$ cat work-v5.cif   # mmCIF, C-alpha atoms and all ligand atoms
data_model
loop_
_atom_site.label_atom_id
_atom_site.label_comp_id
_atom_site.auth_asym_id
_atom_site.auth_seq_id
_atom_site.Cartn_x
_atom_site.Cartn_y
_atom_site.Cartn_z
CA MET A 164 -149.79 66.33 182.49
CA SER A 165 -150.44 62.86 183.93
CA PRO A 166 -149.37 59.83 181.84
CA SER A 167 -152.99 58.80 181.33
CA SER A 168 -153.84 62.21 179.90
CA VAL A 169 -151.32 61.91 177.05
CA HIS A 170 -152.95 61.38 173.63
CA PRO A 171 -152.69 57.64 172.81
CA SER A 172 -151.14 58.41 169.40
CA LEU A 173 -148.15 59.88 171.26
CA HIS A 174 -147.45 56.68 173.15
CA THR A 175 -145.50 54.98 170.37
CA ARG A 176 -143.16 51.99 170.05
CA LEU A 177 -140.30 54.44 170.64
CA CYS A 178 -141.65 55.18 174.14
CA SER A 179 -142.08 51.53 175.06
CA THR A 180 -138.72 50.47 173.56
CA PHE A 181 -136.72 53.10 175.45
CA GLY A 182 -139.03 53.29 178.49
CA VAL A 183 -139.66 57.03 178.16
CA ARG A 184 -142.87 59.08 178.32
CA PHE A 185 -142.73 60.98 175.04
CA PRO A 186 -141.55 60.03 171.53
CA VAL A 187 -138.90 62.75 171.50
CA ILE A 188 -135.17 62.10 171.22
CA GLN A 189 -132.38 64.59 171.91
CA THR A 190 -129.60 63.42 169.61
CA ALA A 191 -125.92 63.52 170.46
CA MET A 192 -123.93 66.62 169.53
CA GLY A 193 -120.18 66.71 170.11
CA TRP A 194 -119.29 69.16 172.93
CA VAL A 195 -122.99 70.05 173.33
CA ALA A 196 -124.84 66.95 174.55
CA THR A 197 -123.37 67.09 178.07
CA PRO A 198 -124.70 65.29 181.17
CA GLU A 199 -126.77 68.41 182.03
CA LEU A 200 -128.48 68.51 178.63
CA VAL A 201 -129.06 64.75 178.51
CA ALA A 202 -130.44 64.67 182.06
CA GLY A 203 -132.58 67.74 181.26
CA THR A 204 -134.12 65.83 178.36
CA ALA A 205 -134.54 62.61 180.35
CA ASN A 206 -136.17 64.41 183.27
CA ALA A 207 -138.54 66.09 180.80
CA GLY A 208 -139.71 62.66 179.59
CA GLY A 209 -137.61 62.38 176.41
CA MET A 210 -134.65 60.20 175.47
CA GLY A 211 -131.28 62.00 175.50
CA PHE A 212 -127.99 60.82 174.00
CA LEU A 213 -124.69 61.81 175.61
CA ALA A 214 -121.97 62.92 173.16
CA CYS A 215 -118.83 60.86 173.70
CA ALA A 216 -117.29 61.02 170.20
CA THR A 217 -115.29 64.04 171.36
CA LEU A 218 -114.24 62.60 174.74
CA ARG A 219 -111.39 60.39 175.92
CA PRO A 220 -112.58 57.04 177.33
CA GLU A 221 -112.02 58.14 180.95
CA GLU A 222 -113.91 61.40 180.31
CA ALA A 223 -116.74 59.45 178.69
CA ASP A 224 -116.91 57.18 181.73
CA ARG A 225 -117.12 60.19 184.08
CA ALA A 226 -119.77 61.84 181.88
CA ILE A 227 -121.91 58.68 181.98
CA ALA A 228 -121.58 58.50 185.77
CA ARG A 229 -122.44 62.22 186.07
CA THR A 230 -125.55 61.78 183.91
CA GLN A 231 -126.63 58.89 186.14
CA GLU A 232 -126.26 61.20 189.15
CA LEU A 233 -128.49 63.81 187.48
CA THR A 234 -131.28 61.48 186.37
CA ASP A 235 -132.63 58.04 187.13
CA ARG A 236 -134.41 57.93 183.74
CA PRO A 237 -133.10 56.10 180.66
CA PHE A 238 -130.58 57.78 178.35
CA GLY A 239 -128.08 56.70 175.71
CA VAL A 240 -124.45 57.25 174.73
CA ASN A 241 -123.13 58.22 171.29
CA PHE A 242 -119.63 57.48 170.08
CA LEU A 243 -117.71 56.65 166.92
CA MET A 244 -116.90 52.98 166.65
CA GLU A 245 -113.54 53.90 165.08
CA GLN A 246 -112.51 56.61 167.57
CA PRO A 247 -109.39 56.13 169.73
CA GLY A 248 -110.32 54.11 172.84
CA ALA A 249 -113.72 53.02 171.44
CA ALA A 250 -113.45 49.58 173.12
CA ASP A 251 -113.09 51.27 176.54
CA ILE A 252 -116.19 53.36 175.87
CA VAL A 253 -118.06 50.14 175.02
CA ASP A 254 -116.88 48.74 178.38
CA SER A 255 -118.23 51.80 180.23
CA ILE A 256 -121.59 51.60 178.45
CA VAL A 257 -121.95 47.92 179.34
CA ARG A 258 -120.58 48.23 182.90
CA ARG A 259 -122.79 51.20 183.72
CA LYS A 260 -125.86 49.55 182.12
CA VAL A 261 -126.70 52.48 179.84
CA ARG A 262 -130.04 51.97 178.04
CA ALA A 263 -128.85 52.56 174.47
CA ALA A 264 -125.81 53.22 172.28
CA SER A 265 -125.91 55.35 169.13
CA TYR A 266 -123.41 55.47 166.30
CA SER A 267 -123.41 56.22 162.60
CA ARG A 268 -120.43 55.45 160.37
CA SER A 269 -118.53 52.15 160.26
CA PRO A 270 -120.44 49.87 162.63
CA ASN A 271 -118.20 47.34 164.39
CA LYS A 272 -119.84 43.90 164.56
CA LYS A 273 -118.04 42.91 167.78
CA PHE A 274 -119.18 46.03 169.61
CA ILE A 275 -122.76 45.50 168.42
CA GLU A 276 -122.65 41.87 169.58
CA ARG A 277 -121.50 43.02 173.04
CA PHE A 278 -124.36 45.51 173.25
CA LYS A 279 -126.90 42.90 172.17
CA ALA A 280 -125.59 40.39 174.71
CA ALA A 281 -125.88 43.02 177.47
CA GLY A 282 -129.40 44.10 176.41
CA ILE A 283 -128.24 47.56 175.33
CA LEU A 284 -130.33 49.00 172.51
CA CYS A 285 -128.46 49.76 169.27
CA VAL A 286 -129.57 53.03 167.66
CA PRO A 287 -127.70 53.94 164.47
CA THR A 288 -128.38 57.07 162.43
CA VAL A 289 -128.87 56.58 158.69
CA GLY A 290 -129.20 58.98 155.79
CA ALA A 291 -130.23 56.62 152.97
CA PRO A 292 -132.83 53.80 152.76
CA ARG A 293 -130.27 51.10 151.92
CA HIS A 294 -128.26 52.03 155.03
CA ALA A 295 -131.37 51.49 157.16
CA VAL A 296 -131.81 47.94 155.87
CA LYS A 297 -128.12 47.17 156.42
CA ALA A 298 -128.23 48.68 159.93
CA VAL A 299 -131.16 46.43 160.90
CA GLU A 300 -129.33 43.38 159.52
CA LEU A 301 -126.43 44.35 161.78
CA GLY A 302 -128.67 44.50 164.83
CA ALA A 303 -130.30 47.96 165.05
CA ASP A 304 -133.20 48.10 167.53
CA VAL A 305 -134.24 51.64 166.58
CA ILE A 306 -133.29 53.69 163.51
CA VAL A 307 -132.76 57.44 163.55
CA CYS A 308 -133.46 58.50 160.00
CA GLN A 309 -131.81 61.85 159.29
CA GLY A 310 -132.74 63.90 156.23
CA GLY A 311 -130.38 66.39 154.61
CA GLU A 312 -131.91 69.35 156.52
CA GLY A 313 -130.23 68.00 159.66
CA GLY A 314 -127.15 69.39 161.39
CA GLY A 315 -123.65 67.94 161.45
CA HIS A 316 -122.83 65.11 159.03
CA THR A 317 -125.79 64.71 156.78
CA GLY A 318 -126.94 63.09 153.56
CA SER A 319 -128.58 64.41 150.44
CA TYR A 320 -132.10 62.95 150.87
CA PRO A 321 -134.58 65.50 152.26
CA THR A 322 -136.45 64.21 155.30
CA SER A 323 -139.79 64.18 153.43
CA LEU A 324 -138.43 61.70 150.85
CA LEU A 325 -136.16 59.64 153.11
CA LEU A 326 -138.59 58.98 155.95
CA PRO A 327 -141.37 57.17 154.03
CA GLN A 328 -138.82 54.95 152.31
CA VAL A 329 -137.12 54.03 155.58
CA VAL A 330 -140.38 53.26 157.42
CA ASP A 331 -141.39 51.03 154.50
CA ALA A 332 -138.02 49.27 154.44
CA VAL A 333 -137.63 48.29 158.11
CA ASP A 334 -139.89 47.02 160.88
CA VAL A 335 -138.05 48.44 163.90
CA PRO A 336 -139.17 51.80 165.39
CA VAL A 337 -137.97 54.79 163.35
CA ALA A 338 -137.31 58.29 164.71
CA ALA A 339 -137.42 61.06 162.11
CA ALA A 340 -134.58 63.59 162.25
CA GLY A 341 -133.57 66.63 160.27
CA GLY A 342 -135.62 69.80 160.59
CA TYR A 343 -137.86 69.04 163.59
CA TYR A 344 -138.56 71.58 166.31
CA ASP A 345 -142.24 71.57 167.25
CA GLY A 346 -145.42 69.57 167.80
CA ARG A 347 -146.62 69.95 164.21
CA GLY A 348 -143.40 68.27 163.07
CA LEU A 349 -143.99 65.45 165.53
CA VAL A 350 -147.51 64.81 164.22
CA ALA A 351 -146.26 65.02 160.61
CA ALA A 352 -143.54 62.46 161.36
CA LEU A 353 -146.12 60.13 162.95
CA ALA A 354 -148.33 60.58 159.88
CA PHE A 355 -145.40 59.46 157.71
CA GLY A 356 -145.25 56.27 159.76
CA ALA A 357 -142.39 57.23 162.10
CA ASP A 358 -142.53 56.46 165.82
CA GLY A 359 -141.23 59.84 166.98
CA ILE A 360 -138.77 62.63 166.27
CA ALA A 361 -135.09 63.16 167.01
CA MET A 362 -133.70 66.69 167.30
CA GLY A 363 -130.20 68.09 167.62
CA THR A 364 -130.25 71.80 166.83
CA ARG A 365 -133.49 72.45 168.76
CA PHE A 366 -131.89 71.02 171.93
CA LEU A 367 -128.66 72.95 171.28
CA LEU A 368 -130.84 76.04 171.69
CA THR A 369 -132.08 75.34 175.23
CA GLN A 370 -131.17 76.62 178.69
CA GLU A 371 -129.30 73.40 179.54
CA SER A 372 -127.07 73.68 176.47
CA PRO A 373 -123.46 74.48 177.44
CA VAL A 374 -122.83 76.53 174.27
CA PRO A 375 -121.49 80.03 175.12
CA ARG A 376 -123.77 83.01 174.51
CA ALA A 377 -121.62 84.52 171.71
CA THR A 378 -121.95 81.29 169.74
CA LEU A 379 -125.68 80.91 170.49
CA GLU A 380 -126.18 84.40 169.01
CA ARG A 381 -124.78 83.16 165.67
CA TYR A 382 -127.39 80.39 165.66
CA PHE A 383 -130.17 82.90 166.35
CA GLU A 384 -128.91 85.26 163.63
CA ALA A 385 -128.65 82.55 160.95
CA ASP A 386 -131.34 82.32 158.28
CA VAL A 387 -132.23 79.01 156.61
CA PRO A 388 -130.15 79.76 153.46
CA ASP A 389 -127.05 80.55 155.61
CA ILE A 390 -126.96 76.95 156.86
CA GLN A 391 -125.16 75.03 154.18
CA ILE A 392 -123.37 71.79 153.43
CA THR A 393 -119.59 71.83 153.17
CA THR A 394 -117.12 68.99 152.71
CA GLU A 395 -114.16 71.17 153.71
CA VAL A 396 -114.32 70.51 157.45
CA ASP A 397 -113.45 66.82 157.32
CA GLY A 398 -114.10 65.59 153.80
CA LEU A 399 -117.65 64.43 154.50
CA PRO A 400 -120.79 66.47 153.79
CA GLN A 401 -121.49 68.41 156.96
CA ARG A 402 -124.23 71.00 157.49
CA VAL A 403 -122.94 74.12 159.24
CA ILE A 404 -123.69 77.82 159.59
CA ARG A 405 -121.60 79.46 156.89
CA ASN A 406 -119.15 81.72 158.74
CA GLU A 407 -115.73 83.31 158.36
CA PHE A 408 -113.95 80.05 159.23
CA VAL A 409 -115.77 78.00 156.59
CA GLU A 410 -115.15 80.76 154.00
CA ARG A 411 -111.42 80.49 154.80
CA LEU A 412 -111.47 76.69 154.60
CA GLU A 413 -113.20 76.76 151.24
CA SER A 414 -110.94 79.39 149.70
CA GLY A 415 -107.61 77.97 150.98
CA SER A 416 -105.12 76.19 148.69
CA ALA A 417 -104.43 72.46 149.08
CA ILE A 418 -101.14 73.29 150.87
CA ALA A 419 -102.80 75.73 153.26
CA ARG A 420 -105.39 73.06 154.08
CA LEU A 421 -102.74 70.43 154.71
CA ALA A 422 -100.84 72.85 156.99
CA ARG A 423 -104.02 73.59 158.94
CA ALA A 424 -104.85 69.88 159.14
CA LEU A 425 -101.39 69.06 160.52
CA GLN A 426 -101.55 71.92 163.02
CA SER A 427 -104.89 70.90 164.46
CA GLY A 428 -103.86 67.23 164.27
CA LEU A 429 -101.24 68.03 166.90
CA ALA A 430 -103.82 69.85 169.01
CA TYR A 431 -106.20 66.88 168.70
CA ARG A 432 -103.49 64.46 169.84
CA LYS A 433 -103.08 66.55 172.97
CA MET A 434 -106.80 66.75 173.58
CA SER A 435 -107.69 63.10 172.91
CA GLY A 436 -104.61 61.65 174.58
CA ALA A 437 -104.30 59.38 171.52
CA GLY A 438 -100.86 58.17 170.55
CA ILE A 439 -99.72 58.91 167.02
CA PHE A 440 -100.33 55.30 165.91
CA GLU A 441 -103.79 55.22 167.40
CA LEU A 442 -104.62 58.51 165.72
CA LEU A 443 -103.38 57.26 162.37
CA ARG A 444 -105.30 53.99 162.79
CA SER A 445 -108.49 55.90 163.52
CA ALA A 446 -107.91 58.26 160.57
CA THR A 447 -107.02 55.39 158.23
CA SER A 448 -110.17 53.50 159.17
CA MET A 449 -112.20 56.61 158.30
CA ARG A 450 -110.26 56.94 155.05
CA GLN A 451 -111.02 53.35 154.07
CA ASN A 452 -114.66 53.69 154.95
CA GLU A 453 -115.25 57.06 153.36
CA LYS A 454 -112.66 57.13 150.54
CA LEU A 455 -111.05 60.36 151.71
CA SER A 456 -107.90 62.06 150.45
CA ARG A 457 -104.89 62.18 152.79
CA THR A 458 -105.54 65.82 153.75
CA GLN A 459 -109.21 65.06 154.36
CA MET A 460 -108.17 62.04 156.43
CA LEU A 461 -106.10 64.27 158.71
CA MET A 462 -108.89 66.80 158.92
CA ALA A 463 -111.43 64.09 159.72
CA ALA A 464 -109.36 62.99 162.68
CA ASN A 465 -109.09 66.49 164.10
CA ALA A 466 -112.35 68.19 163.10
CA PRO A 467 -113.44 68.13 166.77
CA ILE A 468 -110.83 70.85 167.45
CA PHE A 469 -112.48 73.17 164.91
CA ILE A 470 -115.87 72.55 166.51
CA LYS A 471 -114.54 73.02 170.07
CA ARG A 472 -113.32 76.52 169.27
CA ALA A 473 -116.84 77.67 168.54
CA MET A 474 -118.93 75.45 170.78
CA VAL A 475 -116.83 75.40 173.95
CA GLU A 476 -114.41 78.31 173.75
CA GLY A 477 -117.04 80.73 172.39
CA HIS A 478 -115.25 81.93 169.23
CA PRO A 479 -117.99 81.56 166.61
CA ALA A 480 -116.00 83.19 163.78
CA ASP A 481 -113.01 81.00 164.38
CA GLY A 482 -114.46 77.51 164.38
CA VAL A 483 -117.14 75.24 162.93
CA LEU A 484 -120.83 75.73 163.81
CA PRO A 485 -122.62 72.45 162.94
CA SER A 486 -126.31 73.21 162.57
CA GLY A 487 -129.54 71.99 161.06
CA GLN A 488 -131.40 74.36 158.74
CA VAL A 489 -134.01 74.52 161.48
CA ALA A 490 -131.82 77.05 163.38
CA GLY A 491 -133.09 79.56 160.81
CA VAL A 492 -136.60 79.40 162.31
CA ILE A 493 -135.75 79.10 166.01
CA GLY A 494 -135.63 82.26 168.12
CA ASP A 495 -135.97 81.23 171.77
CA LEU A 496 -134.10 79.42 174.52
CA PRO A 497 -136.56 77.30 176.56
CA THR A 498 -135.59 74.78 179.23
CA CYS A 499 -135.74 71.13 178.11
CA GLN A 500 -138.83 70.72 180.27
CA GLU A 501 -140.59 73.67 178.59
CA LEU A 502 -139.57 72.50 175.14
CA VAL A 503 -140.75 68.90 175.50
CA ALA A 504 -144.01 69.94 177.24
CA ARG A 505 -144.71 72.50 174.49
CA ILE A 506 -144.07 69.96 171.71
CA VAL A 507 -146.40 67.45 173.35
CA GLU A 508 -149.14 70.05 173.89
CA GLU A 509 -148.89 71.28 170.30
CA ALA A 510 -148.96 67.73 168.99
CA GLU A 511 -152.04 66.94 171.07
CA SER A 512 -153.90 69.99 169.80
CA ARG A 513 -152.98 69.18 166.17
CA LEU A 514 -154.17 65.60 166.67
CA ALA A 515 -157.43 66.85 168.22
CA ALA A 516 -157.98 69.28 165.33
CA LEU A 517 -157.30 66.59 162.72
CA THR A 518 -159.69 64.16 164.37
CA LYS A 519 -162.37 66.81 164.59
CA GLU A 520 -161.94 67.84 160.95
CA GLY A 521 -161.77 64.21 159.86
CA GLY A 522 -164.94 63.50 161.86
CA ALA A 523 -166.72 66.47 160.27
CA LEU A 524 -165.67 65.34 156.81
CA ALA A 525 -166.65 61.77 157.52
CA SER A 526 -170.14 62.76 158.72
CA ALA A 527 -170.55 65.15 155.72
CA GLY A 528 -169.71 62.26 153.36
C1 LIG B 601 -123.58 70.91 166.97
C2 LIG B 601 -123.88 69.54 166.44
C3 LIG B 601 -123.00 68.50 166.75
C4 LIG B 601 -123.30 67.19 166.32
N1 LIG B 601 -122.46 66.17 166.72
C5 LIG B 601 -122.82 64.88 166.46
C6 LIG B 601 -122.08 63.80 167.02
O1 LIG B 601 -121.11 63.99 167.77
N2 LIG B 601 -122.48 62.52 166.72
C7 LIG B 601 -123.58 62.29 165.91
O2 LIG B 601 -123.90 61.12 165.67
N3 LIG B 601 -124.30 63.30 165.38
C8 LIG B 601 -123.96 64.58 165.65
N4 LIG B 601 -124.74 65.61 165.16
C9 LIG B 601 -125.99 65.30 164.43
C10 LIG B 601 -127.18 65.29 165.42
O3 LIG B 601 -127.02 64.26 166.36
C11 LIG B 601 -128.55 65.11 164.73
O4 LIG B 601 -128.56 63.90 164.01
C12 LIG B 601 -128.98 66.28 163.88
O5 LIG B 601 -128.67 67.49 164.55
C13 LIG B 601 -130.48 66.22 163.58
O6 LIG B 601 -130.89 67.28 162.79
P1 LIG B 601 -131.47 68.69 163.36
O7 LIG B 601 -130.27 69.48 163.71
O8 LIG B 601 -132.24 69.27 162.22
O9 LIG B 601 -132.32 68.39 164.55
C14 LIG B 601 -124.44 66.93 165.53
C15 LIG B 601 -125.30 68.01 165.19
C16 LIG B 601 -125.04 69.29 165.65
C17 LIG B 601 -126.00 70.40 165.30
#
$ encode --input "work-v5.cif" --output "structure tokens" --more "lines below"
Ligand SMILES: Cc1cc2nc3c(=O)[nH]c(=O)nc-3n(C[C@H](O)[C@H](O)[C@H](O)COP(=O)(O)O)c2cc1C
Amino acid sequence: MSPSSVHPSLHTRLCSTFGVRFPVIQTAMGWVATPELVAGTANAGGMGFLACATLRPEEADRAIARTQELTDRPFGVNFLMEQPGAADIVDSIVRRKVRAASYSRSPNKKFIERFKAAGILCVPTVGAPRHAVKAVELGADVIVCQGGEGGGHTGSYPTSLLLPQVVDAVDVPVAAAGGYYDGRGLVAALAFGADGIAMGTRFLLTQESPVPRATLERYFEADVPDIQITTEVDGLPQRVIRNEFVERLESGSAIARLARALQSGLAYRKMSGAGIFELLRSATSMRQNEKLSRTQMLMAANAPIFIKRAMVEGHPADGVLPSGQVAGVIGDLPTCQELVARIVEEAESRLAALTKEGGALASAG
């Protein structure tokens, strides 16, 4: 497919803002959006975001460098502005001239100012219309608007109700997220006024995804109703595949939960290299921002450990499986190249069919 042969409706503001061929974003997923996946997306003509919220600053720096070795196309980095070592990750993003930075909770004005001064695009994810307006006031260049169908932390607005309100409320490019997986979804999002789509779960289920086979099988087996919202992982609403681990979390007593939170808190300290004070500062900042209980605050700081068990170590019954509801309708494992090309082709044929039908209707009238 040569650039000139792409349907003009698919060359949106999202493409020109990021400098990519297609209006398709691969969103960040902790432990999943590795340099290989991000470069796979970038080389396929989309915009990938590297997951750094689960990495130490020096690991994040290496992952950015590795991605730059694997692709010369634009990509972005995702991190939590309140995570231990966040300022060092900001340094890496600026020093290595990454195209964009994505974040969601608790934006830090100083970090955003540094990105703006360095020409790095700010791409927050929002789950409610008022958050979109606030994010633009704080400097967002692109908004990812995630409906409740989406995987990981998610809100209660369904995509179909959130998206039109967000596109009406802001004038920066908007990428629709939460439930997208094909070319029909892309055309529908454009019809709503979005500038493209952003997908997590669909990219988790690709050849470049690092997720072990045993865990991928759980995603393929899940039906839409099995993919539910729980607040037991870290106190915030998070959409996951309901499994044995989540059942245990939800049925445990407050004391059992606190014991588990303390236990994995120690494991997280080891993994993140964070000192106890840094860890507490990070957890306290989340607590202030999200009004969490003390147990939830501890769990929030170490939830990555629960996710790692399933997504890296390959124990799907023993950890958290963040997922969009869309996993319930996905049954294949294409390469990023195949996936993006298929979405674009499907979108083009839908657009052609709509134009033809519209033309027929118009001439009949
Ligand atoms: C396994 C997994 C891990 C995720 N981790 C993160 C993360 O680290 N940071 C983040 O901002 N969003 C994270 N998300 C949310 C995704 O970036 C994205 O917004 C969401 O998956 C979109 O909905 P979809 O799954 O229906 O495509 C995660 C989602 C999944 C499925």
$ residues_around --input "work-v5.cif" --residues "range 326-340 of chain A" --least-positions-apart "4" --cutoff "8 Å" --atoms "all atoms listed in the file" --output "ChimeraX atom specification"
/A:176-177,188,291-292,295-296,299,303-310,313,322,352,355-362
$ closest_residue --input "work-v5.cif" --among "A:Ile283, A:Gln401, A:Ala216, A:Lys273" --to "ligand LIG 601 (chain B)" --atoms "only C-alpha atoms and all ligand atoms"
A:Ala216
$ residues_near_ligand --input "work-v5.cif" --ligand "ligand LIG 601 (chain B)" --cutoff "7 Å" --atoms "only C-alpha atoms and all ligand atoms" --output "VMD selection string"
chain A and resid 190 to 193 195 214 216 to 217 241 to 242 266 to 267 288 309 312 to 316 340 to 343 361 to 365 367 484 to 489
$ closest_residue --input "work-v5.cif" --among "A:Pro186, A:Pro479, A:Gly318, A:Gly248" --to "Phe408 in chain A" --atoms "only C-alpha atoms"
A:Pro479
$ closest_residue --input "work-v5.cif" --among "A:Trp194, A:Phe278, A:Tyr344, A:Tyr320" --to "Pro375 in chain A" --atoms "all atoms listed in the file"
A:Trp194
$ atom_distance --input "work-v5.cif" --atom1 "CA of Arg229 in chain A" --atom2 "CA of Glu276 in chain A"
26.2 Å
$ residues_around --input "work-v5.cif" --residues "Gly208 in chain A" --least-positions-apart "6" --cutoff "12 Å" --atoms "all atoms listed in the file" --output "ChimeraX atom specification"
/A:164-166,169,174,178,181-189,201-202,234-238,499-504,506-507
$ write_last_selection --input "work-v5.cif" --atoms "C-alpha atoms" --output "PDB file, keeping the file's coordinate frame"
ATOM      1  CA  MET A 164    -149.790  66.330 182.490  1.00  0.00           C
ATOM      2  CA  SER A 165    -150.440  62.860 183.930  1.00  0.00           C
ATOM      3  CA  PRO A 166    -149.370  59.830 181.840  1.00  0.00           C
ATOM      4  CA  VAL A 169    -151.320  61.910 177.050  1.00  0.00           C
ATOM      5  CA  HIS A 174    -147.450  56.680 173.150  1.00  0.00           C
ATOM      6  CA  CYS A 178    -141.650  55.180 174.140  1.00  0.00           C
ATOM      7  CA  PHE A 181    -136.720  53.100 175.450  1.00  0.00           C
ATOM      8  CA  GLY A 182    -139.030  53.290 178.490  1.00  0.00           C
ATOM      9  CA  VAL A 183    -139.660  57.030 178.160  1.00  0.00           C
ATOM     10  CA  ARG A 184    -142.870  59.080 178.320  1.00  0.00           C
ATOM     11  CA  PHE A 185    -142.730  60.980 175.040  1.00  0.00           C
ATOM     12  CA  PRO A 186    -141.550  60.030 171.530  1.00  0.00           C
ATOM     13  CA  VAL A 187    -138.900  62.750 171.500  1.00  0.00           C
ATOM     14  CA  ILE A 188    -135.170  62.100 171.220  1.00  0.00           C
ATOM     15  CA  GLN A 189    -132.380  64.590 171.910  1.00  0.00           C
ATOM     16  CA  VAL A 201    -129.060  64.750 178.510  1.00  0.00           C
ATOM     17  CA  ALA A 202    -130.440  64.670 182.060  1.00  0.00           C
ATOM     18  CA  THR A 234    -131.280  61.480 186.370  1.00  0.00           C
ATOM     19  CA  ASP A 235    -132.630  58.040 187.130  1.00  0.00           C
ATOM     20  CA  ARG A 236    -134.410  57.930 183.740  1.00  0.00           C
ATOM     21  CA  PRO A 237    -133.100  56.100 180.660  1.00  0.00           C
ATOM     22  CA  PHE A 238    -130.580  57.780 178.350  1.00  0.00           C
ATOM     23  CA  CYS A 499    -135.740  71.130 178.110  1.00  0.00           C
ATOM     24  CA  GLN A 500    -138.830  70.720 180.270  1.00  0.00           C
ATOM     25  CA  GLU A 501    -140.590  73.670 178.590  1.00  0.00           C
ATOM     26  CA  LEU A 502    -139.570  72.500 175.140  1.00  0.00           C
ATOM     27  CA  VAL A 503    -140.750  68.900 175.500  1.00  0.00           C
ATOM     28  CA  ALA A 504    -144.010  69.940 177.240  1.00  0.00           C
ATOM     29  CA  ILE A 506    -144.070  69.960 171.710  1.00  0.00           C
ATOM     30  CA  VAL A 507    -146.400  67.450 173.350  1.00  0.00           C
TER      31      VAL A 507
END
$ closest_residue --input "work-v5.cif" --among "A:Val350, A:Ala377, A:Ile256, A:Val387" --to "Ser512 in chain A" --atoms "all atoms listed in the file"
A:Val350
$ decode --input "work-v5.cif" --residues "range 261-272 of chain A" --atoms "N, CA and C atoms" --output "short mmCIF file (atom, residue, chain, number, x, y, z; two decimals), in the first residue's frame"
data_model
loop_
_atom_site.label_atom_id
_atom_site.label_comp_id
_atom_site.auth_asym_id
_atom_site.auth_seq_id
_atom_site.Cartn_x
_atom_site.Cartn_y
_atom_site.Cartn_z
N VAL A 261 12.32 11.56 22.50
CA VAL A 261 11.17 10.70 22.20
C VAL A 261 10.04 11.61 21.68
N ARG A 262 9.21 11.10 20.75
CA ARG A 262 8.19 11.97 20.14
C ARG A 262 7.09 12.40 21.12
N ALA A 263 6.68 11.46 22.02
CA ALA A 263 5.52 11.79 22.86
C ALA A 263 5.63 11.10 24.22
N ALA A 264 4.95 11.70 25.20
CA ALA A 264 4.89 11.08 26.54
C ALA A 264 3.42 10.90 26.90
N SER A 265 3.07 9.72 27.43
CA SER A 265 1.68 9.52 27.85
C SER A 265 1.63 9.21 29.34
N TYR A 266 0.52 9.61 29.94
CA TYR A 266 0.34 9.51 31.38
C TYR A 266 -1.15 9.59 31.64
N SER A 267 -1.57 9.24 32.85
CA SER A 267 -3.01 9.38 33.11
C SER A 267 -3.25 10.12 34.41
N ARG A 268 -3.08 9.42 35.56
CA ARG A 268 -3.41 10.07 36.82
C ARG A 268 -2.41 11.17 37.18
N SER A 269 -2.80 12.04 38.06
CA SER A 269 -1.95 13.04 38.71
C SER A 269 -0.90 13.71 37.82
N PRO A 270 -1.31 14.48 36.82
CA PRO A 270 -0.30 15.16 36.00
C PRO A 270 0.56 16.11 36.85
N ASN A 271 1.85 16.17 36.53
CA ASN A 271 2.78 17.02 37.26
C ASN A 271 3.12 18.19 36.33
N LYS A 272 2.76 19.41 36.78
CA LYS A 272 2.90 20.59 35.90
C LYS A 272 4.34 20.79 35.44
#
